[in-house]
>>> print(open('coords.txt').read())   # compact mmCIF, C-alpha atoms
# COMPACT_ATOMS: atom_id res chain seq x y z
CA MET A 234 3.45 -55.69 -40.57
CA LYS A 235 3.10 -59.02 -38.77
CA ARG A 236 5.87 -60.01 -36.37
CA ASP A 237 7.05 -63.13 -38.28
CA GLN A 238 7.26 -61.11 -41.52
CA THR A 239 9.26 -58.44 -39.73
CA GLN A 240 11.64 -60.92 -38.11
CA GLY A 241 12.42 -62.44 -41.48
CA HIS A 242 13.81 -59.13 -42.76
CA LEU A 243 15.14 -57.78 -39.50
CA ASP A 244 18.77 -58.76 -40.04
CA ILE A 245 19.11 -56.87 -43.29
CA LEU A 246 17.31 -53.84 -41.82
CA LEU A 247 19.66 -53.75 -38.85
CA LEU A 248 22.66 -53.95 -41.17
CA ARG A 249 21.22 -51.09 -43.22
CA ILE A 250 20.74 -48.88 -40.17
CA LEU A 251 24.27 -49.56 -38.93
CA SER A 252 25.70 -48.81 -42.39
CA ARG A 253 25.08 -45.15 -41.49
CA GLY A 254 27.52 -45.44 -38.61
CA PRO A 255 28.06 -47.10 -35.22
CA ALA A 256 25.14 -46.88 -32.80
CA HIS A 257 23.89 -48.38 -29.55
CA GLY A 258 20.82 -50.59 -29.33
CA TYR A 259 18.29 -47.90 -28.43
CA SER A 260 19.37 -45.70 -31.37
CA VAL A 261 19.26 -48.64 -33.75
CA ILE A 262 15.75 -49.62 -32.68
CA THR A 263 14.50 -46.04 -32.76
CA ALA A 264 15.95 -45.62 -36.25
CA LEU A 265 14.33 -48.90 -37.29
CA LYS A 266 10.91 -47.66 -36.19
CA GLU A 267 11.34 -44.21 -37.73
CA SER A 268 12.74 -45.38 -41.06
CA SER A 269 9.88 -47.85 -41.47
CA HIS A 270 7.25 -45.26 -40.45
CA GLY A 271 6.25 -47.55 -37.58
CA ALA A 272 5.71 -50.62 -39.77
CA PHE A 273 8.42 -52.56 -37.94
CA ASP A 274 6.95 -52.38 -34.48
CA LEU A 275 8.53 -55.32 -32.63
CA PRO A 276 8.92 -55.66 -28.86
CA GLU A 277 12.19 -53.74 -28.61
CA GLY A 278 13.81 -56.28 -26.31
CA THR A 279 13.54 -58.97 -28.98
CA VAL A 280 15.73 -56.97 -31.37
CA TYR A 281 18.84 -57.42 -29.19
CA PRO A 282 19.15 -61.17 -29.86
CA SER A 283 19.26 -60.34 -33.59
CA LEU A 284 22.06 -57.84 -32.97
CA HIS A 285 23.94 -60.46 -30.94
CA ARG A 286 23.43 -63.08 -33.63
CA LEU A 287 24.72 -60.73 -36.33
CA GLU A 288 27.74 -59.98 -34.19
CA HIS A 289 28.38 -63.66 -33.63
CA ALA A 290 28.20 -64.17 -37.41
CA GLY A 291 30.90 -61.52 -37.84
CA LEU A 292 28.57 -59.07 -39.61
CA LEU A 293 28.69 -56.60 -36.71
CA SER A 294 31.25 -55.75 -34.06
CA SER A 295 30.52 -54.22 -30.70
CA GLU A 296 32.24 -52.57 -27.78
CA TRP A 297 31.09 -51.15 -24.48
CA ASP A 298 31.12 -47.38 -24.31
CA THR A 299 30.95 -45.34 -21.10
CA SER A 300 31.71 -41.91 -22.52
CA SER A 301 28.12 -40.70 -21.96
CA GLY A 302 28.33 -41.64 -18.27
CA ARG A 303 26.24 -44.74 -18.79
CA ARG A 304 27.45 -48.13 -19.98
CA ARG A 305 26.21 -48.78 -23.51
CA ARG A 306 27.09 -51.37 -26.09
CA VAL A 307 27.84 -49.75 -29.42
CA TYR A 308 27.48 -51.79 -32.59
CA ALA A 309 29.27 -51.19 -35.88
CA LEU A 310 29.02 -52.79 -39.30
CA THR A 311 32.00 -54.92 -40.32
CA ALA A 312 33.35 -55.31 -43.86
CA ARG A 313 31.63 -58.68 -43.97
CA GLY A 314 28.41 -57.05 -42.82
CA GLN A 315 28.72 -54.47 -45.60
CA LYS A 316 29.07 -57.24 -48.19
CA ARG A 317 26.06 -59.05 -46.73
CA LEU A 318 24.04 -55.83 -46.88
CA THR A 319 24.95 -55.25 -50.52
CA ALA A 320 23.96 -58.82 -51.39
CA GLY A 321 20.77 -58.54 -49.33
CA ARG A 322 19.68 -55.35 -51.09
CA ARG A 323 20.29 -56.94 -54.47
CA GLU A 324 18.23 -60.00 -53.48
CA TRP A 325 15.46 -57.83 -52.14
CA LYS A 326 15.28 -55.74 -55.33
CA ARG A 327 14.93 -58.86 -57.43
CA PHE A 328 12.36 -60.35 -55.07
CA ALA A 329 10.34 -57.13 -54.84
CA ALA A 330 10.40 -56.66 -58.63
CA GLY A 331 9.16 -60.22 -59.08
CA MET A 332 6.39 -59.80 -56.51
CA ASN A 333 5.31 -56.44 -57.95
CA ALA A 334 5.16 -57.90 -61.42
CA ALA A 335 3.22 -60.94 -60.23
CA LEU A 336 0.76 -58.86 -58.22
CA GLY A 337 0.42 -56.16 -60.85
CA VAL A 338 1.69 -53.44 -58.52
CA GLN A 339 2.94 -50.30 -60.23
CA THR A 340 6.10 -48.80 -58.70
CA MET B 186 20.57 -56.14 -10.28
CA THR B 187 22.34 -52.85 -9.53
CA PRO B 188 19.85 -49.99 -9.34
CA PRO B 189 20.20 -47.94 -12.49
CA ASP B 190 21.64 -44.45 -12.42
CA ASP B 191 18.38 -43.05 -13.69
CA GLY B 192 19.12 -39.35 -13.70
CA PHE B 193 15.93 -38.67 -11.71
CA GLY B 194 17.61 -38.41 -8.32
CA GLY B 195 16.31 -41.82 -7.30
CA HIS B 196 15.68 -45.28 -8.61
CA LEU B 197 13.12 -46.15 -11.20
CA SER B 198 11.27 -48.88 -9.36
CA LEU B 199 9.30 -50.25 -12.33
CA VAL B 200 12.46 -50.56 -14.43
CA GLU B 201 14.28 -52.16 -11.51
CA GLN B 202 11.47 -54.68 -11.01
CA TYR B 203 11.45 -55.47 -14.70
CA LEU B 204 15.23 -56.03 -14.75
CA ASP B 205 14.97 -58.29 -11.70
CA THR B 206 12.30 -60.36 -13.47
CA LEU B 207 14.42 -60.49 -16.60
CA ALA B 208 17.46 -61.56 -14.55
CA ASP B 209 15.45 -64.43 -13.07
CA ARG B 210 14.45 -65.66 -16.52
CA LEU B 211 17.76 -65.32 -18.37
CA HIS B 212 19.99 -68.36 -18.78
CA GLY B 213 23.59 -68.69 -19.89
CA SER B 214 27.01 -67.72 -18.66
CA VAL B 215 27.31 -65.01 -15.99
CA ARG B 216 29.10 -62.82 -18.55
CA ASP B 217 26.33 -63.16 -21.13
CA VAL B 218 23.57 -62.52 -18.59
CA ARG B 219 25.33 -59.45 -17.21
CA GLY B 220 25.82 -58.12 -20.73
CA MET B 221 22.15 -58.61 -21.64
CA LEU B 222 20.97 -56.98 -18.42
CA ALA B 223 23.32 -54.01 -18.82
CA GLU B 224 22.15 -53.53 -22.39
CA SER B 225 18.47 -53.80 -21.42
CA GLN B 226 19.02 -51.36 -18.56
CA ALA B 227 20.72 -48.79 -20.82
CA HIS B 228 17.93 -49.15 -23.38
CA LEU B 229 15.13 -48.71 -20.83
CA LEU B 230 16.75 -45.65 -19.27
CA ASP B 231 17.20 -44.07 -22.72
CA ALA B 232 13.54 -44.79 -23.47
CA VAL B 233 12.36 -43.36 -20.14
CA HIS B 234 14.39 -40.19 -20.71
CA ALA B 235 12.93 -39.85 -24.20
CA TYR B 236 9.35 -40.21 -22.92
CA VAL B 237 9.98 -37.75 -20.08
CA ALA B 238 11.38 -35.29 -22.63
CA ASP B 239 8.10 -35.74 -24.53
CA GLY B 240 6.20 -34.63 -21.42
CA LEU B 241 5.30 -37.86 -19.63
CA THR B 242 5.71 -38.24 -15.87
CA PRO B 243 8.54 -40.60 -14.78
CA ASP B 244 6.01 -43.31 -13.83
CA ASP B 245 4.14 -43.06 -17.13
CA ALA B 246 7.46 -42.92 -18.99
CA GLN B 247 8.57 -46.15 -17.29
CA SER B 248 5.30 -47.88 -18.16
CA ALA B 249 5.58 -46.79 -21.78
CA ALA B 250 9.24 -47.82 -22.04
CA LEU B 251 8.51 -51.25 -20.55
CA ARG B 252 5.50 -51.76 -22.84
CA ASP B 253 7.71 -50.99 -25.88
CA PHE B 254 10.49 -53.26 -24.65
CA GLY B 255 8.16 -56.24 -24.37
CA ASP B 256 7.04 -58.75 -21.79
CA ALA B 257 10.01 -59.96 -19.70
CA THR B 258 9.21 -63.64 -20.35
CA LEU B 259 9.05 -63.09 -24.11
CA VAL B 260 12.23 -61.00 -24.17
CA ALA B 261 14.11 -63.49 -21.96
CA ALA B 262 13.00 -66.42 -24.13
CA SER B 263 14.20 -64.59 -27.23
CA MET B 264 17.54 -63.75 -25.60
CA ASN B 265 17.96 -67.28 -24.23
CA GLN B 266 17.32 -68.80 -27.64
CA ALA B 267 19.94 -66.56 -29.24
CA ALA B 268 22.42 -67.25 -26.43
CA TRP B 269 21.92 -71.01 -26.84
CA SER B 270 22.53 -70.74 -30.61
CA ARG B 271 25.78 -68.91 -29.91
CA SER B 272 26.97 -71.23 -27.13
CA ARG B 273 25.77 -74.59 -28.56
CA ARG B 274 29.15 -75.27 -30.21
CA PHE B 275 30.96 -74.52 -26.93
CA VAL B 276 28.54 -76.68 -24.94
CA LEU B 277 29.07 -79.65 -27.27
CA ARG B 278 32.85 -79.23 -27.24
CA GLU B 279 33.02 -78.81 -23.47
CA THR B 280 30.72 -81.80 -22.95
CA GLY B 281 32.98 -83.90 -25.18
CA GLN B 282 36.06 -82.76 -23.28
CA LEU B 283 34.32 -83.44 -19.97
CA LEU B 284 33.45 -87.00 -20.96
CA VAL B 285 36.92 -87.69 -22.37
CA GLY B 286 38.50 -86.17 -19.25
CA LEU B 287 36.40 -88.28 -16.89
CA ALA B 288 37.11 -91.42 -18.94
CA ALA B 289 40.83 -90.60 -18.81
CA ILE B 290 40.70 -90.14 -15.03
CA GLY B 291 38.88 -93.46 -14.78
CA MET B 292 41.65 -95.11 -16.81
CA VAL B 293 44.29 -93.58 -14.55
CA VAL B 294 42.43 -94.96 -11.51
CA VAL B 295 42.47 -98.41 -13.16
CA GLY B 296 46.24 -98.06 -13.62
CA VAL B 297 46.74 -97.00 -10.00
CA ALA B 298 44.61 -99.94 -8.84
CA GLY B 299 46.77 -102.30 -10.94
CA VAL B 300 49.99 -100.99 -9.37
CA VAL B 301 48.54 -101.11 -5.84
CA ALA B 302 47.24 -104.65 -6.41
CA ARG B 303 50.64 -105.78 -7.62
CA LEU B 304 52.37 -104.23 -4.60
CA LEU B 305 49.86 -105.87 -2.26
CA ALA B 306 50.36 -109.20 -4.03
CA THR B 307 54.11 -108.89 -3.49
CA ALA B 308 53.70 -107.82 0.14
CA ILE B 309 50.88 -110.16 1.16
CA SER B 310 50.05 -112.95 -1.25
CA THR B 311 49.54 -113.26 -4.99
CA GLU B 312 46.84 -115.86 -4.27
CA ALA B 313 44.88 -113.42 -2.09
CA ILE B 314 44.93 -110.69 -4.73
CA PHE B 315 44.83 -112.50 -8.09
CA GLY B 316 43.82 -116.03 -7.06
CA ILE B 317 41.32 -117.97 -9.18
CA PRO B 318 38.05 -118.34 -7.24
CA ALA B 319 37.63 -121.80 -5.76
CA HIS B 320 34.38 -122.38 -7.67
CA ALA B 321 35.93 -121.49 -11.04
CA ASP B 322 35.39 -124.01 -13.79
CA VAL B 323 38.69 -123.94 -15.68
CA SER B 324 39.05 -125.69 -19.02
CA ALA B 325 41.84 -128.15 -19.68
CA ALA B 326 43.10 -125.99 -22.55
CA SER B 327 43.44 -122.95 -20.27
CA CYS B 328 45.25 -125.04 -17.68
CA ALA B 329 47.66 -126.34 -20.29
CA HIS B 330 48.33 -122.82 -21.57
CA TRP B 331 48.97 -121.39 -18.09
CA LEU B 332 51.26 -124.25 -17.10
CA SER B 333 53.23 -123.81 -20.31
CA VAL B 334 53.85 -120.07 -19.75
CA GLN B 335 54.24 -120.19 -15.95
CA SER B 336 57.01 -122.77 -15.64
CA SER B 337 57.49 -122.19 -11.91
CA ALA B 338 53.88 -123.24 -11.15
CA THR B 339 53.13 -126.80 -10.17
CA THR B 340 49.31 -126.72 -10.24
CA CYS B 341 46.72 -125.32 -12.63
CA GLN B 342 45.39 -123.06 -9.84
CA GLN B 343 48.85 -121.64 -9.19
CA ALA B 344 49.62 -121.16 -12.89
CA GLY B 345 46.29 -119.40 -13.53
CA THR B 346 46.89 -117.09 -10.60
CA LEU B 347 50.40 -116.16 -11.73
CA GLU B 348 49.19 -115.66 -15.29
CA ALA B 349 46.39 -113.41 -14.05
CA ALA B 350 48.82 -111.42 -11.93
CA THR B 351 51.04 -110.79 -14.93
CA ASP B 352 48.35 -110.13 -17.54
CA GLN B 353 45.98 -108.12 -15.39
CA THR B 354 48.71 -105.92 -13.95
CA ALA B 355 50.10 -105.25 -17.44
CA GLY B 356 46.64 -104.51 -18.81
CA MET B 357 45.74 -102.18 -15.98
CA VAL B 358 49.05 -100.30 -16.06
CA LEU B 359 48.73 -99.92 -19.83
CA THR B 360 45.19 -98.57 -19.36
CA GLY B 361 46.46 -96.10 -16.74
CA THR B 362 49.27 -94.96 -19.03
CA LEU B 363 46.84 -94.39 -21.90
CA GLY B 364 44.61 -92.45 -19.51
CA LEU B 365 47.53 -90.23 -18.51
CA LEU B 366 48.40 -89.58 -22.17
CA LEU B 367 44.75 -88.74 -22.84
CA LEU B 368 44.74 -86.26 -19.94
CA VAL B 369 47.93 -84.61 -21.19
CA GLY B 370 46.42 -84.39 -24.67
CA LEU B 371 43.29 -82.79 -23.23
CA VAL B 372 45.31 -80.17 -21.34
CA VAL B 373 47.27 -79.34 -24.52
CA VAL B 374 44.04 -78.98 -26.54
CA ARG B 375 42.49 -76.72 -23.90
CA ARG B 376 45.58 -74.50 -23.78
CA ARG B 377 45.84 -74.23 -27.55
CA ARG B 378 42.13 -73.66 -28.12
CA PRO B 379 40.77 -71.91 -25.04
CA GLN B 380 37.02 -71.41 -24.96
CA PRO B 381 34.53 -69.87 -22.54
CA ARG B 382 33.28 -72.21 -19.82
CA VAL B 383 29.59 -72.74 -20.46
CA LEU B 384 28.73 -75.82 -18.41
CA PRO B 385 27.88 -75.42 -14.72
CA PRO B 386 31.11 -75.77 -12.68
CA VAL B 387 29.49 -78.39 -10.43
CA LEU B 388 28.66 -80.72 -13.33
CA ALA B 389 32.05 -82.42 -13.78
CA PRO B 390 32.66 -83.10 -10.06
CA ALA B 391 29.06 -84.27 -9.63
CA ILE B 392 29.43 -86.79 -12.47
CA ALA B 393 32.88 -87.87 -11.21
CA THR B 394 31.61 -88.40 -7.65
CA THR B 395 28.59 -90.37 -8.82
CA ALA B 396 30.52 -92.48 -11.34
CA PHE B 397 33.39 -93.39 -9.02
CA GLY B 398 31.03 -93.94 -6.09
CA ALA B 399 28.93 -96.31 -8.21
CA ALA B 400 32.08 -98.04 -9.48
CA ALA B 401 33.30 -98.53 -5.89
CA ILE B 402 29.99 -100.15 -4.90
CA GLY B 403 29.96 -102.36 -8.02
CA LEU B 404 33.56 -103.47 -7.57
CA ALA B 405 32.98 -104.19 -3.87
CA ALA B 406 29.99 -106.34 -4.87
CA LEU B 407 32.23 -108.26 -7.31
CA ALA B 408 34.82 -108.68 -4.57
CA ALA B 409 32.23 -109.96 -2.08
CA SER B 410 30.90 -112.44 -4.65
CA ASP B 411 34.41 -113.54 -5.68
CA ALA B 412 33.30 -113.17 -9.29
CA ILE B 413 34.90 -113.95 -12.60
CA ILE B 414 34.37 -111.34 -15.30
CA LEU B 415 35.70 -112.56 -18.66
CA SER B 416 39.37 -113.16 -17.95
CA SER B 417 39.51 -110.94 -14.84
CA TRP B 418 39.24 -112.26 -11.32
CA GLY B 419 40.84 -112.05 -7.92
CA ARG B 420 38.96 -111.11 -4.78
CA GLY B 421 41.87 -108.89 -3.62
CA LEU B 422 42.02 -107.19 -7.02
CA TRP B 423 38.31 -106.30 -6.86
CA TRP B 424 38.70 -104.98 -3.30
CA THR B 425 41.76 -102.94 -4.34
CA SER B 426 39.90 -101.53 -7.34
CA ALA B 427 36.89 -100.74 -5.14
CA ALA B 428 39.14 -98.90 -2.65
CA CYS B 429 40.83 -96.92 -5.45
CA SER B 430 37.44 -96.01 -6.92
CA LEU B 431 36.24 -94.95 -3.50
CA GLY B 432 39.35 -92.80 -3.14
CA ALA B 433 38.65 -91.20 -6.54
CA GLY B 434 35.02 -90.70 -5.50
CA CYS B 435 36.17 -88.93 -2.31
CA VAL B 436 38.46 -86.66 -4.32
CA GLY B 437 35.47 -85.96 -6.60
CA ALA B 438 33.31 -85.17 -3.57
CA GLY B 439 35.92 -82.69 -2.31
CA TRP B 440 36.02 -81.10 -5.77
CA LEU B 441 32.22 -80.94 -5.77
CA TRP B 442 32.18 -79.35 -2.33
CA ARG B 443 34.63 -76.65 -3.45
CA ALA B 444 32.60 -75.99 -6.63
CA VAL B 445 29.34 -75.70 -4.67
CA SER B 446 30.97 -73.41 -2.06
CA ARG B 447 32.40 -71.19 -4.80
CA SER B 448 29.07 -70.87 -6.62
CA HIS B 449 27.36 -70.12 -3.29
CA GLN B 450 29.89 -67.34 -2.61
CA LEU B 451 29.24 -65.91 -6.09
CA ASP B 452 25.48 -65.97 -5.41
CA VAL B 453 25.97 -64.13 -2.12
CA THR B 454 28.24 -61.47 -3.61
CA ALA B 455 26.13 -61.00 -6.78
>>> encode(input="coords.txt", output="structure tokens")
Amino acid sequence: MKRDQTQGHLDILLLRILSRGPAHGYSVITALKESSHGAFDLPEGTVYPSLHRLEHAGLLSSEWDTSSGRRRRVYALTARGQKRLTAGRREWKRFAAGMNAALGVQT
Amino acid sequence: MTPPDDGFGGHLSLVEQYLDTLADRLHGSVRDVRGMLAESQAHLLDAVHAYVADGLTPDDAQSAALRDFGDATLVAASMNQAAWSRSRRFVLRETGQLLVGLAAIGMVVVGVAGVVARLLATAISTEAIFGIPAHADVSAASCAHWLSVQSSATTCQQAGTLEAATDQTAGMVLTGTLGLLLLVGLVVVRRRRPQPRVLPPVLAPAIATTAFGAAAIGLAALAASDAIILSSWGRGLWWTSAACSLGAGCVGAGWLWRAVSRSHQLDVTA
């Protein structure tokens, strides 16, 4: 998938991954790659600004964790983030159904 | 950048070099930059460990991790853009407060100059401080007005000077008082709504030093030319105002010097 297409959906994907539980950046990005079977292959460093933006918007929270011996920032979904994810999934379903119908794609 | 605890009994030089490059390209507050570097460092070390666990040598693992992470310039640009989006509101608010604060200080300096001018007029001569310039073309209506309100004056020149001493002192003291109130208001706002400092610490003193220095030169030029600006005049008043502005400029220069020294110390200890 092209980078600009990926970036457009990145926020909702990050929220989805963090809905499974708190995680640090590397885990989130690894999960993003694995869950998309490699389709979302962005430069990993460019994903962090999206995490920071989501945190700033109140959709994620974060705290520094040193329990593993190394300093890591762990992100978690907030209640507001959960609501945004639910709304985003609903929007995506409607959009995908419309596109599939228009393009004649069987699902 | 602190060498990462890489778990390989030494430092990962490629990762270190990358983080140094990233540090050079990142903008924003020290706190933000440190956070982004720490996060990038943790990510890269996790990635290197994962590649080593998959059978790559440490050098190959570093190369692969850095390739996945992205070019430092691209990553820094992306992080800088996000940081600017987050801090834009703070930058605008702090800039507004900076401008209001400097304007308020300027008003206080005007008030101080008014008080000093009045004291000098009392101690030396009202004519020397507030006197109408000899070349001034005064209308008959103005003369009549001044003579009517300054009953102790016997000439138009004397009445105009006394009127200027009264009006200009009152106006300048009022300006200074408003400036003080503005400064108090600014302090209250900052205490009630604290926000992270995002502007460079040398910016405010640099602007203050430049503005007051320029004002001192301009006011001295007015004093030397014995000018009339609207209803303000008085060679001594211009000289007093120039001296007060110069004093404020010197205070600003001292503030600037401290800010520069502090940032230099931070650079050395970083």
>>> closest_atom_pairs(input="coords.txt", of="chain A", to="chain B", cutoff="9 Å", atoms="only C-alpha atoms", output="JSON lines")
{"residue": "A:His257", "atom": "CA", "partner": "B:His228", "partner_atom": "CA", "distance": 8.6}
{"residue": "A:Gly258", "atom": "CA", "partner": "B:His228", "partner_atom": "CA", "distance": 6.8}
{"residue": "A:Tyr259", "atom": "CA", "partner": "B:His228", "partner_atom": "CA", "distance": 5.2}
{"residue": "A:Ser260", "atom": "CA", "partner": "B:His228", "partner_atom": "CA", "distance": 8.8}
{"residue": "A:Asp274", "atom": "CA", "partner": "B:Asp253", "partner_atom": "CA", "distance": 8.7}
{"residue": "A:Leu275", "atom": "CA", "partner": "B:Asp253", "partner_atom": "CA", "distance": 8.1}
{"residue": "A:Pro276", "atom": "CA", "partner": "B:Gly255", "partner_atom": "CA", "distance": 4.6}
{"residue": "A:Glu277", "atom": "CA", "partner": "B:Phe254", "partner_atom": "CA", "distance": 4.3}
{"residue": "A:Gly278", "atom": "CA", "partner": "B:Phe254", "partner_atom": "CA", "distance": 4.8}
{"residue": "A:Thr279", "atom": "CA", "partner": "B:Val260", "partner_atom": "CA", "distance": 5.4}
{"residue": "A:Val280", "atom": "CA", "partner": "B:Ser263", "partner_atom": "CA", "distance": 8.8}
{"residue": "A:Tyr281", "atom": "CA", "partner": "B:Met264", "partner_atom": "CA", "distance": 7.4}
{"residue": "A:Pro282", "atom": "CA", "partner": "B:Met264", "partner_atom": "CA", "distance": 5.2}
{"residue": "A:Ser283", "atom": "CA", "partner": "B:Ala267", "partner_atom": "CA", "distance": 7.6}
{"residue": "A:His285", "atom": "CA", "partner": "B:Ala267", "partner_atom": "CA", "distance": 7.5}
{"residue": "A:Arg286", "atom": "CA", "partner": "B:Ala267", "partner_atom": "CA", "distance": 6.6}
{"residue": "A:His289", "atom": "CA", "partner": "B:Arg271", "partner_atom": "CA", "distance": 6.9}
{"residue": "A:Arg303", "atom": "CA", "partner": "B:Ala227", "partner_atom": "CA", "distance": 7.1}
{"residue": "A:Arg304", "atom": "CA", "partner": "B:Ala227", "partner_atom": "CA", "distance": 6.8}
{"residue": "A:Arg305", "atom": "CA", "partner": "B:Ala227", "partner_atom": "CA", "distance": 6.1}
{"residue": "A:Arg306", "atom": "CA", "partner": "B:Glu224", "partner_atom": "CA", "distance": 6.5}
>>> atom_distance(input="coords.txt", atom1="CA of Ala408 in chain B", atom2="CA of Gly421 in chain B")
7.1 Å
>>> residues_around(input="coords.txt", residues="range 358-374 of chain B", least_positions_apart="3", cutoff="8 Å", atoms="only C-alpha atoms", output="list in words")
Gln282, Val285, Gly286, Ala288, Ala289, Ile290, Gly291, Met292, Val293, Val294, Val295, Gly296, Val297, Gly299, Val300, Thr354, Ala355, Arg377, Arg378 and Pro379 of chain B
>>> atom_distance(input="coords.txt", atom1="CA of Thr339 in chain B", atom2="CA of Ser426 in chain B")
28.7 Å
>>> atom_distance(input="coords.txt", atom1="CA of Ala389 in chain B", atom2="CA of Cys435 in chain B")
13.8 Å
>>> closest_residue(input="coords.txt", among="B:Ile402, B:Ile392, B:Val445, B:Ala302", to="Thr425 in chain B", atoms="only C-alpha atoms")
B:Ala302
>>> closest_residue(input="coords.txt", among="A:Ala264, A:Ala330, A:Ala272, A:Ala335", to="Leu248 in chain A", atoms="all atoms listed in the file")
A:Ala264
>>> residues_around(input="coords.txt", residues="Arg253 in chain A", least_positions_apart="4", cutoff="10 Å", atoms="all atoms listed in the file", output="list in words")
Leu248, Arg249, Ala309 and Leu310 of chain A
>>> residues_around(input="coords.txt", residues="Leu318 in chain A", least_positions_apart="5", cutoff="10 Å", atoms="only C-alpha atoms", output="PyMOL selection string")
chain A and resi 244-249+252+292+310+312-313+323-324
>>> decode(input="coords.txt", residues="range 314-368 of chain B", atoms="C-alpha atoms", output="PDB file, in the first residue's frame")
ATOM      1  CA  ILE B 314      13.163  69.919  31.113  1.00  0.00           C
ATOM      2  CA  PHE B 315       9.757  70.848  29.671  1.00  0.00           C
ATOM      3  CA  GLY B 316      10.498  74.173  27.964  1.00  0.00           C
ATOM      4  CA  ILE B 317       8.958  74.927  24.562  1.00  0.00           C
ATOM      5  CA  PRO B 318      11.702  74.939  21.908  1.00  0.00           C
ATOM      6  CA  ALA B 319      12.709  78.443  20.873  1.00  0.00           C
ATOM      7  CA  HIS B 320      11.791  77.783  17.236  1.00  0.00           C
ATOM      8  CA  ALA B 321       8.285  76.550  18.096  1.00  0.00           C
ATOM      9  CA  ASP B 322       5.471  78.183  16.184  1.00  0.00           C
ATOM     10  CA  VAL B 323       2.716  78.482  18.795  1.00  0.00           C
ATOM     11  CA  SER B 324      -0.803  79.462  17.789  1.00  0.00           C
ATOM     12  CA  ALA B 325      -2.622  82.304  19.491  1.00  0.00           C
ATOM     13  CA  ALA B 326      -5.386  79.918  20.576  1.00  0.00           C
ATOM     14  CA  SER B 327      -2.873  77.638  22.343  1.00  0.00           C
ATOM     15  CA  CYS B 328      -1.289  80.631  24.045  1.00  0.00           C
ATOM     16  CA  ALA B 329      -4.658  81.844  25.245  1.00  0.00           C
ATOM     17  CA  HIS B 330      -5.539  78.391  26.575  1.00  0.00           C
ATOM     18  CA  TRP B 331      -2.235  77.973  28.441  1.00  0.00           C
ATOM     19  CA  LEU B 332      -2.413  81.440  29.974  1.00  0.00           C
ATOM     20  CA  SER B 333      -5.962  80.776  31.130  1.00  0.00           C
ATOM     21  CA  VAL B 334      -5.065  77.510  32.933  1.00  0.00           C
ATOM     22  CA  GLN B 335      -1.613  78.574  34.197  1.00  0.00           C
ATOM     23  CA  SER B 336      -2.536  81.741  36.071  1.00  0.00           C
ATOM     24  CA  SER B 337       0.930  82.155  37.605  1.00  0.00           C
ATOM     25  CA  ALA B 338       2.559  82.450  34.146  1.00  0.00           C
ATOM     26  CA  THR B 339       3.172  85.859  32.662  1.00  0.00           C
ATOM     27  CA  THR B 340       4.265  84.861  29.132  1.00  0.00           C
ATOM     28  CA  CYS B 341       2.993  82.378  26.561  1.00  0.00           C
ATOM     29  CA  GLN B 342       6.356  80.556  26.680  1.00  0.00           C
ATOM     30  CA  GLN B 343       6.149  80.186  30.454  1.00  0.00           C
ATOM     31  CA  ALA B 344       2.500  79.086  30.394  1.00  0.00           C
ATOM     32  CA  GLY B 345       3.159  76.487  27.672  1.00  0.00           C
ATOM     33  CA  THR B 346       6.088  75.103  29.617  1.00  0.00           C
ATOM     34  CA  LEU B 347       4.111  74.810  32.858  1.00  0.00           C
ATOM     35  CA  GLU B 348       1.193  73.246  31.009  1.00  0.00           C
ATOM     36  CA  ALA B 349       3.533  70.731  29.376  1.00  0.00           C
ATOM     37  CA  ALA B 350       5.108  69.907  32.734  1.00  0.00           C
ATOM     38  CA  THR B 351       1.714  69.166  34.229  1.00  0.00           C
ATOM     39  CA  ASP B 352       0.154  67.314  31.294  1.00  0.00           C
ATOM     40  CA  GLN B 353       3.192  65.331  30.217  1.00  0.00           C
ATOM     41  CA  THR B 354       4.058  64.230  33.734  1.00  0.00           C
ATOM     42  CA  ALA B 355       0.457  63.143  34.351  1.00  0.00           C
ATOM     43  CA  GLY B 356       0.303  61.306  31.039  1.00  0.00           C
ATOM     44  CA  MET B 357       3.599  59.534  31.577  1.00  0.00           C
ATOM     45  CA  VAL B 358       2.812  58.529  35.165  1.00  0.00           C
ATOM     46  CA  LEU B 359      -0.588  57.242  34.050  1.00  0.00           C
ATOM     47  CA  THR B 360       1.111  55.232  31.290  1.00  0.00           C
ATOM     48  CA  GLY B 361       3.573  53.791  33.827  1.00  0.00           C
ATOM     49  CA  THR B 362       0.747  52.859  36.198  1.00  0.00           C
ATOM     50  CA  LEU B 363      -1.144  51.096  33.412  1.00  0.00           C
ATOM     51  CA  GLY B 364       2.063  49.272  32.504  1.00  0.00           C
ATOM     52  CA  LEU B 365       2.463  48.099  36.095  1.00  0.00           C
ATOM     53  CA  LEU B 366      -1.145  46.870  36.190  1.00  0.00           C
ATOM     54  CA  LEU B 367      -0.562  45.052  32.900  1.00  0.00           C
ATOM     55  CA  LEU B 368       2.549  43.360  34.324  1.00  0.00           C
TER      56      LEU B 368
END
